[in-house]
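Undergrad: I have a structure here, written as structure tokens, and I will follow up with some questions on it.
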Amino acid sequence: MKTCVVTNRKGGVGKTTFALHLAAAGVEAGLRTLLVDLDPQGSASGVVAPGGTPALAESLWDDAAQIQPAKTAWGFDVLAASSALTGAEELSLDDTLAALRRIPAGYDLLVFDTPPYLGVLQTAPLLLADVLIAPVEPDTFALQGLKTVQDVVTSLRPRNPKLQLRVVVNRLKTRAIVQMQTVAALQDALSSRFVGPALAEREGVRHARDAGKPVWKHAKNEPYARAWKQVCDTLIA
Ligand SMILES: Nc1ncnc2c1ncn2[C@@H]1O[C@H](COP(=O)(O)OP(=O)(O)O)[C@@H](O)[C@H]1O
Ligand SMILES: [Mg+2]
């Protein structure tokens with residue numbers, strides 16, 4: 001089983017969108033895939049979880065409860081978030097880790113969506129992960145933010161030596177020359193940790209989410225949509 005954690009200490013960069021697409025690509029690659037929504041805001045759950053899906057929080061903190069993923073129309077299973085997850089922030093890192101270890105086995109791919117702030121819900125899954133996937137926006141803060149993500153990986157390596165970093169650029173305004181230069185600088189700085197092509201800012205990404213489909217199924221022939229599949233497939237490979 002491979003574990004991917006989509007995270008970045010910034011909101012709105014596309015963490016949730018990317019986690020959904022990575023899980024969808026996992027299914028298309030024939031992998032038994034589970035999406036774990038650790039963001040108390042539950043945005044990913046809102047897109048894929050059927051109404052009445054039991055939330056993850058309660059079963060995580062109760063040793064006796066069974067953790068029961070739900071099926072989604074996207075083909076992967078989900079452990080849905082709820083606002084009760086905010087309570088988890090008071091747990092210790094080790095308790096949270098123990099809870100995450102009770103997630104049922106039998107999956108080939110585990111994808112975690114995380115909240116945008118530092119806390120055990122970001123750190124605990126990273127201690128189990130093979131890959132930290134950081135979506136970044138190509139703005140002037142991107143390089144700065146990247147430094148923070150790199151520091152996180154470095155600080156966790158002693159407890160999780162297998163942790164790898166992969167960076168995906170999202171929300172690129174393809175007509176903004178400064179942004180294109182930032183992407184080039186990121187690619188240079190990251191070499192193989194950069195997974196391209198950069199994903200463009202397109203209305204269709206929002207529409208696909210509203211339609212409840214991965215963007216490559218919603219806008220089949222659009223190059224920007226195919227780029228999402230290419231990035232996800234590269235990561236899965
Ligand atoms: N490439 C993109 N083009 C246009 N809108 C996007 C793109 N990526 C994400 N979005 C939209 O931006 C908003 C924030 O994305 P989201 O994935 O929820 O970010 P995060 O989880 O990092 O807060 C959502 O409405 C999403 O549909
Ligand atoms: Mg999110």
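Ligands are numbered from 1 in the order shown, chains are lettered A, B, ... in the order of the structure tokens, and residues start at 1 in each chain.
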Counting only C-alpha atoms and all ligand atoms, which protein, DNA or RNA residues come within 7 Å of ligand 1, given as an MDAnalysis selection string?

TA: chainID A and resid 10:18 43 116 170:171 199:206 209

Undergrad: Considering only C-alpha atoms, return as a PyMOL selection string whatever protein or nucleic-acid residues lie within 12 Å of Phe141 in chain A, sequence-local ones (same chain, fewer than 6 positions apart) excluded.

TA: chain A and resi 9-10+13+147-148+179+182+186

Undergrad: So which residues touch range 96-104 of chain A within 8 Å, counting only C-alpha atoms, skipping near sequence neighbours fewer than 3 positions away, as a VMD selection string?

TA: chain A and resid 60 to 61 63 67 to 68 88 91 to 93 107 120 to 121 124 to 125 127

Undergrad: Going by DSSP on the backbone, which residues of range 9-148 of chain A come out as alpha helix (DSSP H)? List them as a PyMOL selection string.

TA: chain A and resi 15-28+43-48+56-61+93-100+120-128+142-148

Undergrad: Find, counting only C-alpha atoms, the residue in A:Cys4, A:Ala225, A:Asp130, A:Thr234 that gets nearest to Leu163 in chain A.

TA: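 Among the listed residues, the smallest separation from Leu163 in chain A belongs to A:Asp130.
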
Undergrad: Just list the residues in range 154-194 of chain A DSSP gives strand (DSSP E) on the backbone, as a ChimeraX atom specification.

TA: /A:164-169

Undergrad: Write out, as a CSV table (one decimal), in the first residue's frame, the residues just selected, with N, CA, C and O atoms.

TA:
```csv
chain,number,residue,atom,x,y,z
A,164,GLN,N,8.8,11.2,0.9
A,164,GLN,CA,9.3,12.0,-0.3
A,164,GLN,C,8.5,13.2,-0.5
A,164,GLN,O,7.3,13.2,-0.1
A,165,LEU,N,9.0,14.2,-1.1
A,165,LEU,CA,8.3,15.4,-1.5
A,165,LEU,C,8.0,15.5,-3.0
A,165,LEU,O,8.9,15.2,-3.8
A,166,ARG,N,6.8,15.8,-3.3
A,166,ARG,CA,6.5,16.1,-4.7
A,166,ARG,C,5.6,17.4,-4.8
A,166,ARG,O,4.7,17.5,-3.9
A,167,VAL,N,6.0,18.2,-5.7
A,167,VAL,CA,5.3,19.5,-5.8
A,167,VAL,C,4.6,19.6,-7.1
A,167,VAL,O,5.1,19.3,-8.1
A,168,VAL,N,3.3,20.1,-7.0
A,168,VAL,CA,2.5,20.3,-8.2
A,168,VAL,C,2.1,21.7,-8.3
A,168,VAL,O,1.6,22.3,-7.3
A,169,VAL,N,2.3,22.4,-9.4
A,169,VAL,CA,1.8,23.8,-9.5
A,169,VAL,C,0.4,23.8,-10.0
A,169,VAL,O,0.0,23.1,-10.9
```
